[in-house]
file entry.pdb (PDB, C-alpha atoms)
ATOM      1  CA  ASN A   7      -2.580 -10.763 -17.503  1.00  0.00           C
ATOM      2  CA  ALA A   8       0.207 -11.381 -15.008  1.00  0.00           C
ATOM      3  CA  GLY A   9      -0.309  -7.977 -13.319  1.00  0.00           C
ATOM      4  CA  VAL A  10       2.635  -7.056 -11.093  1.00  0.00           C
ATOM      5  CA  THR A  11       5.377  -9.665 -10.740  1.00  0.00           C
ATOM      6  CA  GLN A  12       8.056  -9.513  -8.067  1.00  0.00           C
ATOM      7  CA  THR A  13      11.135 -11.689  -7.775  1.00  0.00           C
ATOM      8  CA  PRO A  14      12.475 -13.258  -5.682  1.00  0.00           C
ATOM      9  CA  LYS A  15       9.777 -14.194  -3.151  1.00  0.00           C
ATOM     10  CA  PHE A  16      12.296 -14.869  -0.380  1.00  0.00           C
ATOM     11  CA  GLN A  17      15.896 -13.786   0.098  1.00  0.00           C
ATOM     12  CA  VAL A  18      18.492 -14.004   2.851  1.00  0.00           C
ATOM     13  CA  LEU A  19      21.456 -11.633   2.662  1.00  0.00           C
ATOM     14  CA  LYS A  20      24.515 -11.093   4.777  1.00  0.00           C
ATOM     15  CA  THR A  21      25.217  -7.620   6.120  1.00  0.00           C
ATOM     16  CA  GLY A  22      27.061  -5.591   3.515  1.00  0.00           C
ATOM     17  CA  GLN A  23      25.905  -7.577   0.495  1.00  0.00           C
ATOM     18  CA  SER A  24      24.053  -5.895  -2.339  1.00  0.00           C
ATOM     19  CA  MET A  25      21.110  -7.157  -4.319  1.00  0.00           C
ATOM     20  CA  THR A  26      18.309  -6.100  -6.649  1.00  0.00           C
ATOM     21  CA  LEU A  27      14.626  -6.796  -6.119  1.00  0.00           C
ATOM     22  CA  GLN A  28      12.849  -7.076  -9.441  1.00  0.00           C
ATOM     23  CA  CYS A  29       9.409  -5.687 -10.273  1.00  0.00           C
ATOM     24  CA  ALA A  30       7.629  -5.892 -13.623  1.00  0.00           C
ATOM     25  CA  GLN A  31       4.106  -4.963 -14.685  1.00  0.00           C
ATOM     26  CA  ASP A  32       2.278  -5.665 -17.934  1.00  0.00           C
ATOM     27  CA  MET A  33      -0.592  -3.163 -17.582  1.00  0.00           C
ATOM     28  CA  ASN A  34       1.210  -0.194 -19.167  1.00  0.00           C
ATOM     29  CA  HIS A  35       0.937   1.741 -15.907  1.00  0.00           C
ATOM     30  CA  GLU A  36       2.962   4.926 -15.672  1.00  0.00           C
ATOM     31  CA  TYR A  37       3.152   5.053 -11.894  1.00  0.00           C
ATOM     32  CA  MET A  38       5.204   2.475  -9.996  1.00  0.00           C
ATOM     33  CA  SER A  39       6.337   2.442  -6.388  1.00  0.00           C
ATOM     34  CA  TRP A  40       8.141   0.398  -3.758  1.00  0.00           C
ATOM     35  CA  TYR A  41       6.937  -0.019  -0.189  1.00  0.00           C
ATOM     36  CA  ARG A  42       8.367  -1.784   2.808  1.00  0.00           C
ATOM     37  CA  GLN A  43       6.138  -3.323   5.461  1.00  0.00           C
ATOM     38  CA  ASP A  44       7.256  -3.753   9.048  1.00  0.00           C
ATOM     39  CA  PRO A  45       5.104  -4.790  12.042  1.00  0.00           C
ATOM     40  CA  GLY A  46       3.156  -1.829  13.405  1.00  0.00           C
ATOM     41  CA  MET A  47       4.489   0.554  10.751  1.00  0.00           C
ATOM     42  CA  GLY A  48       2.112  -0.111   7.901  1.00  0.00           C
ATOM     43  CA  LEU A  49       3.316   0.305   4.326  1.00  0.00           C
ATOM     44  CA  ARG A  50       6.007   2.948   3.961  1.00  0.00           C
ATOM     45  CA  LEU A  51       6.920   4.425   0.592  1.00  0.00           C
ATOM     46  CA  ILE A  52      10.582   3.979  -0.379  1.00  0.00           C
ATOM     47  CA  HIS A  53      10.789   5.319  -3.947  1.00  0.00           C
ATOM     48  CA  TYR A  54       8.353   5.938  -6.752  1.00  0.00           C
ATOM     49  CA  SER A  55       8.343   6.675 -10.468  1.00  0.00           C
ATOM     50  CA  VAL A  56       5.843   8.553 -12.628  1.00  0.00           C
ATOM     51  CA  GLY A  57       7.228   7.239 -15.895  1.00  0.00           C
ATOM     52  CA  ALA A  58      10.303   5.939 -17.672  1.00  0.00           C
ATOM     53  CA  GLY A  59      13.348   7.991 -16.738  1.00  0.00           C
ATOM     54  CA  ILE A  60      11.654   9.729 -13.781  1.00  0.00           C
ATOM     55  CA  THR A  61      12.078   8.629 -10.161  1.00  0.00           C
ATOM     56  CA  ASP A  62      11.742  10.325  -6.793  1.00  0.00           C
ATOM     57  CA  GLN A  63      12.135   9.584  -3.111  1.00  0.00           C
ATOM     58  CA  GLY A  64       9.394   8.490  -0.771  1.00  0.00           C
ATOM     59  CA  GLU A  65       9.317   8.482   3.025  1.00  0.00           C
ATOM     60  CA  VAL A  66      12.197   6.058   3.709  1.00  0.00           C
ATOM     61  CA  PRO A  67      14.640   6.172   0.754  1.00  0.00           C
ATOM     62  CA  ASN A  68      17.974   5.816   2.560  1.00  0.00           C
ATOM     63  CA  GLY A  69      19.946   2.713   1.592  1.00  0.00           C
ATOM     64  CA  TYR A  70      17.951   2.087  -1.576  1.00  0.00           C
ATOM     65  CA  ASN A  71      18.363   3.022  -5.232  1.00  0.00           C
ATOM     66  CA  VAL A  72      15.932   2.781  -8.121  1.00  0.00           C
ATOM     67  CA  SER A  73      15.905   3.370 -11.851  1.00  0.00           C
ATOM     68  CA  ARG A  74      13.185   3.233 -14.492  1.00  0.00           C
ATOM     69  CA  SER A  75      14.524   2.580 -17.958  1.00  0.00           C
ATOM     70  CA  THR A  76      11.263   1.097 -19.300  1.00  0.00           C
ATOM     71  CA  THR A  77       7.574   1.473 -18.483  1.00  0.00           C
ATOM     72  CA  GLU A  78       7.398  -2.188 -17.429  1.00  0.00           C
ATOM     73  CA  ASP A  79      10.309  -2.541 -14.998  1.00  0.00           C
ATOM     74  CA  PHE A  80      11.155  -0.830 -11.721  1.00  0.00           C
ATOM     75  CA  PRO A  81      14.002  -2.586  -9.860  1.00  0.00           C
ATOM     76  CA  LEU A  82      14.947  -1.733  -6.283  1.00  0.00           C
ATOM     77  CA  ARG A  83      18.634  -1.958  -5.339  1.00  0.00           C
ATOM     78  CA  LEU A  84      20.006  -2.436  -1.867  1.00  0.00           C
ATOM     79  CA  LEU A  85      23.511  -1.048  -1.991  1.00  0.00           C
ATOM     80  CA  SER A  86      24.935  -2.467   1.248  1.00  0.00           C
ATOM     81  CA  ALA A  87      22.359  -4.495   3.162  1.00  0.00           C
ATOM     82  CA  ALA A  88      21.835  -3.823   6.862  1.00  0.00           C
ATOM     83  CA  PRO A  89      19.757  -5.774   9.432  1.00  0.00           C
ATOM     84  CA  SER A  90      17.400  -2.744   9.612  1.00  0.00           C
ATOM     85  CA  GLN A  91      16.413  -3.521   6.021  1.00  0.00           C
ATOM     86  CA  THR A  92      14.886  -6.843   7.044  1.00  0.00           C
ATOM     87  CA  SER A  93      11.303  -6.410   5.889  1.00  0.00           C
ATOM     88  CA  VAL A  94       8.644  -7.415   3.399  1.00  0.00           C
ATOM     89  CA  TYR A  95       8.888  -5.365   0.210  1.00  0.00           C
ATOM     90  CA  PHE A  96       5.940  -4.680  -2.077  1.00  0.00           C
ATOM     91  CA  CYS A  97       5.975  -3.200  -5.534  1.00  0.00           C
ATOM     92  CA  ALA A  98       2.806  -1.494  -6.768  1.00  0.00           C
ATOM     93  CA  SER A  99       1.665   0.111  -9.993  1.00  0.00           C
ATOM     94  CA  ARG A 100      -1.237   2.290 -11.112  1.00  0.00           C
ATOM     95  CA  ILE A 101      -2.288   4.685 -13.830  1.00  0.00           C
ATOM     96  CA  HIS A 102      -0.698   8.062 -13.174  1.00  0.00           C
ATOM     97  CA  VAL A 103      -3.645   9.824 -11.627  1.00  0.00           C
ATOM     98  CA  GLY A 104      -4.685   9.926  -7.989  1.00  0.00           C
ATOM     99  CA  GLY A 105      -8.057   8.340  -8.479  1.00  0.00           C
ATOM    100  CA  THR A 106      -7.140   4.852  -9.640  1.00  0.00           C
ATOM    101  CA  GLU A 107      -6.406   1.730  -7.643  1.00  0.00           C
ATOM    102  CA  ALA A 108      -2.945   0.387  -6.996  1.00  0.00           C
ATOM    103  CA  PHE A 109      -2.095  -3.182  -7.988  1.00  0.00           C
ATOM    104  CA  PHE A 110       0.427  -4.942  -5.755  1.00  0.00           C
ATOM    105  CA  GLY A 111       2.945  -7.654  -6.407  1.00  0.00           C
ATOM    106  CA  GLN A 112       3.052 -10.662  -4.084  1.00  0.00           C
ATOM    107  CA  GLY A 113       5.929  -9.295  -2.056  1.00  0.00           C
ATOM    108  CA  THR A 114       9.541 -10.175  -1.315  1.00  0.00           C
ATOM    109  CA  ARG A 115      10.450 -11.267   2.192  1.00  0.00           C
ATOM    110  CA  LEU A 116      14.020 -10.141   2.837  1.00  0.00           C
ATOM    111  CA  THR A 117      16.115 -11.129   5.837  1.00  0.00           C
ATOM    112  CA  VAL A 118      19.508  -9.521   6.462  1.00  0.00           C
ATOM    113  CA  VAL A 119      21.729 -11.390   8.915  1.00  0.00           C
TER     114      VAL A 119
ATOM    115  CA  GLN B  10       3.501  12.060   6.586  1.00  0.00           C
ATOM    116  CA  GLN B  11       1.441   8.943   7.201  1.00  0.00           C
ATOM    117  CA  PRO B  12      -2.307   9.272   7.737  1.00  0.00           C
ATOM    118  CA  VAL B  13      -3.510   8.212  11.183  1.00  0.00           C
ATOM    119  CA  GLN B  14      -5.860   5.256  11.472  1.00  0.00           C
ATOM    120  CA  SER B  15      -8.093   4.327  14.378  1.00  0.00           C
ATOM    121  CA  PRO B  16      -8.696   2.020  16.036  1.00  0.00           C
ATOM    122  CA  GLN B  17      -5.470   0.031  15.829  1.00  0.00           C
ATOM    123  CA  ALA B  18      -7.345  -3.220  16.337  1.00  0.00           C
ATOM    124  CA  VAL B  19     -10.922  -4.408  16.694  1.00  0.00           C
ATOM    125  CA  ILE B  20     -12.507  -7.765  17.463  1.00  0.00           C
ATOM    126  CA  LEU B  21     -16.025  -8.505  16.263  1.00  0.00           C
ATOM    127  CA  ARG B  22     -18.528 -11.315  16.317  1.00  0.00           C
ATOM    128  CA  GLU B  23     -20.039 -12.351  13.006  1.00  0.00           C
ATOM    129  CA  GLY B  24     -22.890 -10.036  12.082  1.00  0.00           C
ATOM    130  CA  GLU B  25     -21.586  -7.031  14.028  1.00  0.00           C
ATOM    131  CA  ASP B  26     -20.640  -3.706  12.458  1.00  0.00           C
ATOM    132  CA  ALA B  27     -17.357  -1.818  12.525  1.00  0.00           C
ATOM    133  CA  VAL B  28     -16.051   1.603  11.552  1.00  0.00           C
ATOM    134  CA  ILE B  29     -12.425   2.342  10.716  1.00  0.00           C
ATOM    135  CA  ASN B  30     -11.261   5.941  10.573  1.00  0.00           C
ATOM    136  CA  CYS B  31      -8.471   7.608   8.633  1.00  0.00           C
ATOM    137  CA  SER B  32      -7.236  11.153   9.140  1.00  0.00           C
ATOM    138  CA  SER B  33      -4.640  13.218   7.287  1.00  0.00           C
ATOM    139  CA  SER B  34      -2.992  16.555   8.020  1.00  0.00           C
ATOM    140  CA  LYS B  35      -2.733  17.357   4.296  1.00  0.00           C
ATOM    141  CA  ALA B  36      -5.287  18.377   1.694  1.00  0.00           C
ATOM    142  CA  LEU B  37      -6.344  15.270  -0.182  1.00  0.00           C
ATOM    143  CA  TYR B  38      -7.348  14.432  -3.730  1.00  0.00           C
ATOM    144  CA  SER B  39      -8.408  10.874  -2.946  1.00  0.00           C
ATOM    145  CA  VAL B  40      -8.543   8.239  -0.232  1.00  0.00           C
ATOM    146  CA  HIS B  41      -7.919   4.554  -0.940  1.00  0.00           C
ATOM    147  CA  TRP B  42      -8.890   1.550   1.196  1.00  0.00           C
ATOM    148  CA  TYR B  43      -7.184  -1.864   1.013  1.00  0.00           C
ATOM    149  CA  ARG B  44      -7.450  -5.116   2.938  1.00  0.00           C
ATOM    150  CA  GLN B  45      -4.521  -7.436   3.543  1.00  0.00           C
ATOM    151  CA  LYS B  46      -4.759 -11.042   4.659  1.00  0.00           C
ATOM    152  CA  HIS B  47      -1.838 -12.522   6.574  1.00  0.00           C
ATOM    153  CA  GLY B  48       1.065 -13.355   4.242  1.00  0.00           C
ATOM    154  CA  GLU B  49      -0.633 -11.856   1.197  1.00  0.00           C
ATOM    155  CA  ALA B  50      -0.496  -8.607  -0.756  1.00  0.00           C
ATOM    156  CA  PRO B  51      -2.942  -5.777  -0.061  1.00  0.00           C
ATOM    157  CA  VAL B  52      -6.117  -5.926  -2.145  1.00  0.00           C
ATOM    158  CA  PHE B  53      -8.066  -2.901  -3.321  1.00  0.00           C
ATOM    159  CA  LEU B  54     -11.468  -2.221  -1.741  1.00  0.00           C
ATOM    160  CA  MET B  55     -12.476   1.329  -2.547  1.00  0.00           C
ATOM    161  CA  ILE B  56     -11.451   4.793  -3.697  1.00  0.00           C
ATOM    162  CA  LEU B  57     -13.149   8.012  -2.666  1.00  0.00           C
ATOM    163  CA  LEU B  58     -12.438  11.057  -4.759  1.00  0.00           C
ATOM    164  CA  LYS B  59     -12.560  14.725  -3.980  1.00  0.00           C
ATOM    165  CA  GLY B  60     -15.892  15.939  -5.273  1.00  0.00           C
ATOM    166  CA  GLY B  61     -17.806  12.919  -4.081  1.00  0.00           C
ATOM    167  CA  GLU B  62     -17.232  10.193  -6.653  1.00  0.00           C
ATOM    168  CA  GLN B  63     -16.805   6.765  -5.111  1.00  0.00           C
ATOM    169  CA  LYS B  64     -15.509   3.619  -6.767  1.00  0.00           C
ATOM    170  CA  GLY B  65     -15.384   0.299  -5.047  1.00  0.00           C
ATOM    171  CA  HIS B  66     -16.921  -2.568  -3.327  1.00  0.00           C
ATOM    172  CA  ASP B  67     -20.566  -3.675  -3.145  1.00  0.00           C
ATOM    173  CA  LYS B  68     -20.633  -4.795   0.490  1.00  0.00           C
ATOM    174  CA  ILE B  69     -18.468  -2.108   2.061  1.00  0.00           C
ATOM    175  CA  SER B  70     -19.134   1.596   2.165  1.00  0.00           C
ATOM    176  CA  ALA B  71     -17.088   4.639   3.041  1.00  0.00           C
ATOM    177  CA  SER B  72     -17.263   8.379   3.457  1.00  0.00           C
ATOM    178  CA  PHE B  73     -14.819  11.180   2.698  1.00  0.00           C
ATOM    179  CA  ASN B  74     -14.921  14.560   4.428  1.00  0.00           C
ATOM    180  CA  GLU B  75     -12.730  16.752   2.225  1.00  0.00           C
ATOM    181  CA  LYS B  76     -12.742  19.740   4.558  1.00  0.00           C
ATOM    182  CA  LYS B  77     -11.520  17.694   7.523  1.00  0.00           C
ATOM    183  CA  GLN B  78      -9.286  15.404   5.426  1.00  0.00           C
ATOM    184  CA  GLN B  79     -10.955  12.398   7.015  1.00  0.00           C
ATOM    185  CA  SER B  80     -12.406   9.155   5.740  1.00  0.00           C
ATOM    186  CA  SER B  81     -14.294   6.323   7.389  1.00  0.00           C
ATOM    187  CA  LEU B  82     -14.789   2.746   6.222  1.00  0.00           C
ATOM    188  CA  TYR B  83     -18.037   1.047   7.233  1.00  0.00           C
ATOM    189  CA  LEU B  84     -18.234  -2.734   7.508  1.00  0.00           C
ATOM    190  CA  THR B  85     -21.764  -3.933   8.152  1.00  0.00           C
ATOM    191  CA  ALA B  86     -22.965  -7.407   9.123  1.00  0.00           C
ATOM    192  CA  SER B  87     -19.371  -8.611   9.267  1.00  0.00           C
ATOM    193  CA  GLN B  88     -18.385 -12.035   7.972  1.00  0.00           C
ATOM    194  CA  LEU B  89     -15.422 -14.228   8.858  1.00  0.00           C
ATOM    195  CA  SER B  90     -13.902 -13.310   5.487  1.00  0.00           C
ATOM    196  CA  TYR B  91     -13.673  -9.653   6.585  1.00  0.00           C
ATOM    197  CA  SER B  92     -10.801 -10.501   8.917  1.00  0.00           C
ATOM    198  CA  GLY B  93      -7.487  -8.912   8.008  1.00  0.00           C
ATOM    199  CA  THR B  94      -5.592  -5.654   8.242  1.00  0.00           C
ATOM    200  CA  TYR B  95      -7.203  -2.605   6.679  1.00  0.00           C
ATOM    201  CA  PHE B  96      -5.099   0.215   5.307  1.00  0.00           C
ATOM    202  CA  CYS B  97      -6.130   3.630   4.178  1.00  0.00           C
ATOM    203  CA  GLY B  98      -3.967   5.366   1.616  1.00  0.00           C
ATOM    204  CA  THR B  99      -4.065   9.041   0.804  1.00  0.00           C
ATOM    205  CA  VAL B 100      -3.174  10.935  -2.354  1.00  0.00           C
ATOM    206  CA  GLY B 101      -2.624  14.660  -2.315  1.00  0.00           C
ATOM    207  CA  GLY B 102      -0.411  17.258  -3.892  1.00  0.00           C
ATOM    208  CA  ALA B 103       1.284  17.435  -7.259  1.00  0.00           C
ATOM    209  CA  THR B 104       3.301  14.239  -6.920  1.00  0.00           C
ATOM    210  CA  ASN B 105       0.314  11.860  -6.615  1.00  0.00           C
ATOM    211  CA  LYS B 106       2.179   9.849  -3.996  1.00  0.00           C
ATOM    212  CA  LEU B 107       0.051   7.157  -2.354  1.00  0.00           C
ATOM    213  CA  ILE B 108       0.894   7.176   1.370  1.00  0.00           C
ATOM    214  CA  PHE B 109      -0.531   4.511   3.653  1.00  0.00           C
ATOM    215  CA  GLY B 110      -1.551   4.578   7.284  1.00  0.00           C
ATOM    216  CA  THR B 111      -0.303   2.100   9.888  1.00  0.00           C
ATOM    217  CA  GLY B 112      -3.288  -0.200   9.516  1.00  0.00           C
ATOM    218  CA  THR B 113      -6.234  -1.516  11.546  1.00  0.00           C
ATOM    219  CA  LEU B 114      -6.308  -5.189  12.466  1.00  0.00           C
ATOM    220  CA  LEU B 115      -9.845  -6.580  12.259  1.00  0.00           C
ATOM    221  CA  ALA B 116     -10.660 -10.021  13.644  1.00  0.00           C
ATOM    222  CA  VAL B 117     -14.123 -11.482  13.108  1.00  0.00           C
ATOM    223  CA  GLN B 118     -14.980 -14.403  15.355  1.00  0.00           C
ATOM    224  CA  PRO B 119     -17.800 -16.964  14.934  1.00  0.00           C
TER     225      PRO B 119
END
call {"tool": "encode", "arguments": {"input": "entry.pdb", "output": "structure tokens"}}
result
Amino acid sequence: NAGVTQTPKFQVLKTGQSMTLQCAQDMNHEYMSWYRQDPGMGLRLIHYSVGAGITDQGEVPNGYNVSRSTTEDFPLRLLSAAPSQTSVYFCASRIHVGGTEAFFGQGTRLTVV
Amino acid sequence: QQPVQSPQAVILREGEDAVINCSSSKALYSVHWYRQKHGEAPVFLMILLKGGEQKGHDKISASFNEKKQQSSLYLTASQLSYSGTYFCGTVGGATNKLIFGTGTLLAVQP
């Protein structure tokens, strides 16, 4: 099993550009989420989804869009990149109950200049 | 709202013990613990469920006080491989959102 796959691993954007971070999982998990990790801030929840067609905001959703058209894929879109969005982004998936572990992708390191 | 972890950092010698604490202001269904090595993704260690069920790791233990919304992770006889940043994550409420704390940096020295 591949688990959770994120692409790309590294990306440099110019301010104002848009891009999509890809996330795919092959474990048939209902619950998928995006986190950003910044020094001293831990992992902060951006958006999450409890199943195909259902998404909701996390703690820091501004500047990001998501959609969930299939169980497997959960892309994260940056609409107009800003230097404050420089971060490491992790996608995670789990079965849709609170008592199961989350599986993480390997992360995308994004730099906005 | 992020759970609060303490301490923020701890340095140990091999063989010493450590306790990492996690506290939430919300009623919790479960508490997760993960360890992250530098440049890598977080890796699951343990889940503690409301009602006392615990799933996780052989060499690491934890407790969950449901009334106080607090959890503690116990690392005994630490090894060099224990070094990393430890995160607690909490799940509560109808949305099942997994919210992480700010992390505890653990360094184990020879």
call {"tool": "closest_atom_pairs", "arguments": {"input": "entry.pdb", "of": "chain B", "to": "chain A", "cutoff": "7 Å", "atoms": "all atoms listed in the file", "output": "JSON lines"}}
result
{"residue": "B:Tyr38", "atom": "CA", "partner": "A:Gly104", "partner_atom": "CA", "distance": 6.7}
{"residue": "B:Ser39", "atom": "CA", "partner": "A:Gly105", "partner_atom": "CA", "distance": 6.1}
{"residue": "B:Glu49", "atom": "CA", "partner": "A:Gln112", "partner_atom": "CA", "distance": 6.5}
{"residue": "B:Ala50", "atom": "CA", "partner": "A:Gln112", "partner_atom": "CA", "distance": 5.3}
{"residue": "B:Pro51", "atom": "CA", "partner": "A:Phe110", "partner_atom": "CA", "distance": 6.7}
{"residue": "B:Phe53", "atom": "CA", "partner": "A:Glu107", "partner_atom": "CA", "distance": 6.5}
{"residue": "B:Ile56", "atom": "CA", "partner": "A:Gly105", "partner_atom": "CA", "distance": 6.9}
{"residue": "B:Leu58", "atom": "CA", "partner": "A:Gly105", "partner_atom": "CA", "distance": 6.4}
{"residue": "B:Val100", "atom": "CA", "partner": "A:Gly104", "partner_atom": "CA", "distance": 5.9}
{"residue": "B:Asn105", "atom": "CA", "partner": "A:Gly104", "partner_atom": "CA", "distance": 5.5}
{"residue": "B:Ile108", "atom": "CA", "partner": "A:Leu51", "partner_atom": "CA", "distance": 6.7}
{"residue": "B:Phe109", "atom": "CA", "partner": "A:Leu49", "partner_atom": "CA", "distance": 5.7}
{"residue": "B:Gly110", "atom": "CA", "partner": "A:Gly48", "partner_atom": "CA", "distance": 6.0}
{"residue": "B:Thr111", "atom": "CA", "partner": "A:Gly48", "partner_atom": "CA", "distance": 3.8}
{"residue": "B:Gly112", "atom": "CA", "partner": "A:Gly48", "partner_atom": "CA", "distance": 5.6}
call {"tool": "closest_residue", "arguments": {"input": "entry.pdb", "among": "B:Pro12, B:Pro119, B:Gly48, B:Gly24", "to": "Thr94 of chain B", "atoms": "all atoms listed in the file"}}
result
B:Gly48
call {"tool": "atom_distance", "arguments": {"input": "entry.pdb", "atom1": "atom CA of Gln17 of chain B", "atom2": "atom CA of Ser90 of chain B"}}
result
18.9 Å
call {"tool": "axis_aligned_box", "arguments": {"input": "entry.pdb", "around": "segment 97-114 of chain B", "padding_each_side": "4 Å", "output": "JSON"}}
result
{"center_x": -1.5, "center_y": 6.1, "center_z": 2.6, "size_x": 17.6, "size_y": 30.6, "size_z": 27.7}
call {"tool": "resolve_selection", "arguments": {"input": "entry.pdb", "expression": "the PyMOL selection byres ((chain A and resi 14) around 8)", "output": "list in words"}}
result
Gln12, Thr13, Lys15, Phe16, Gln17, Leu27, Gln28 and Thr114 of chain A
call {"tool": "atom_distance", "arguments": {"input": "entry.pdb", "atom1": "atom CA of Thr11 of chain A", "atom2": "atom CA of Gly59 of chain A"}}
result
20.3 Å
call {"tool": "closest_residue", "arguments": {"input": "entry.pdb", "among": "A:Ile52, A:Val119, A:Ile60, A:Ile101", "to": "Thr21 of chain A", "atoms": "only C-alpha atoms"}}
result
A:Val119
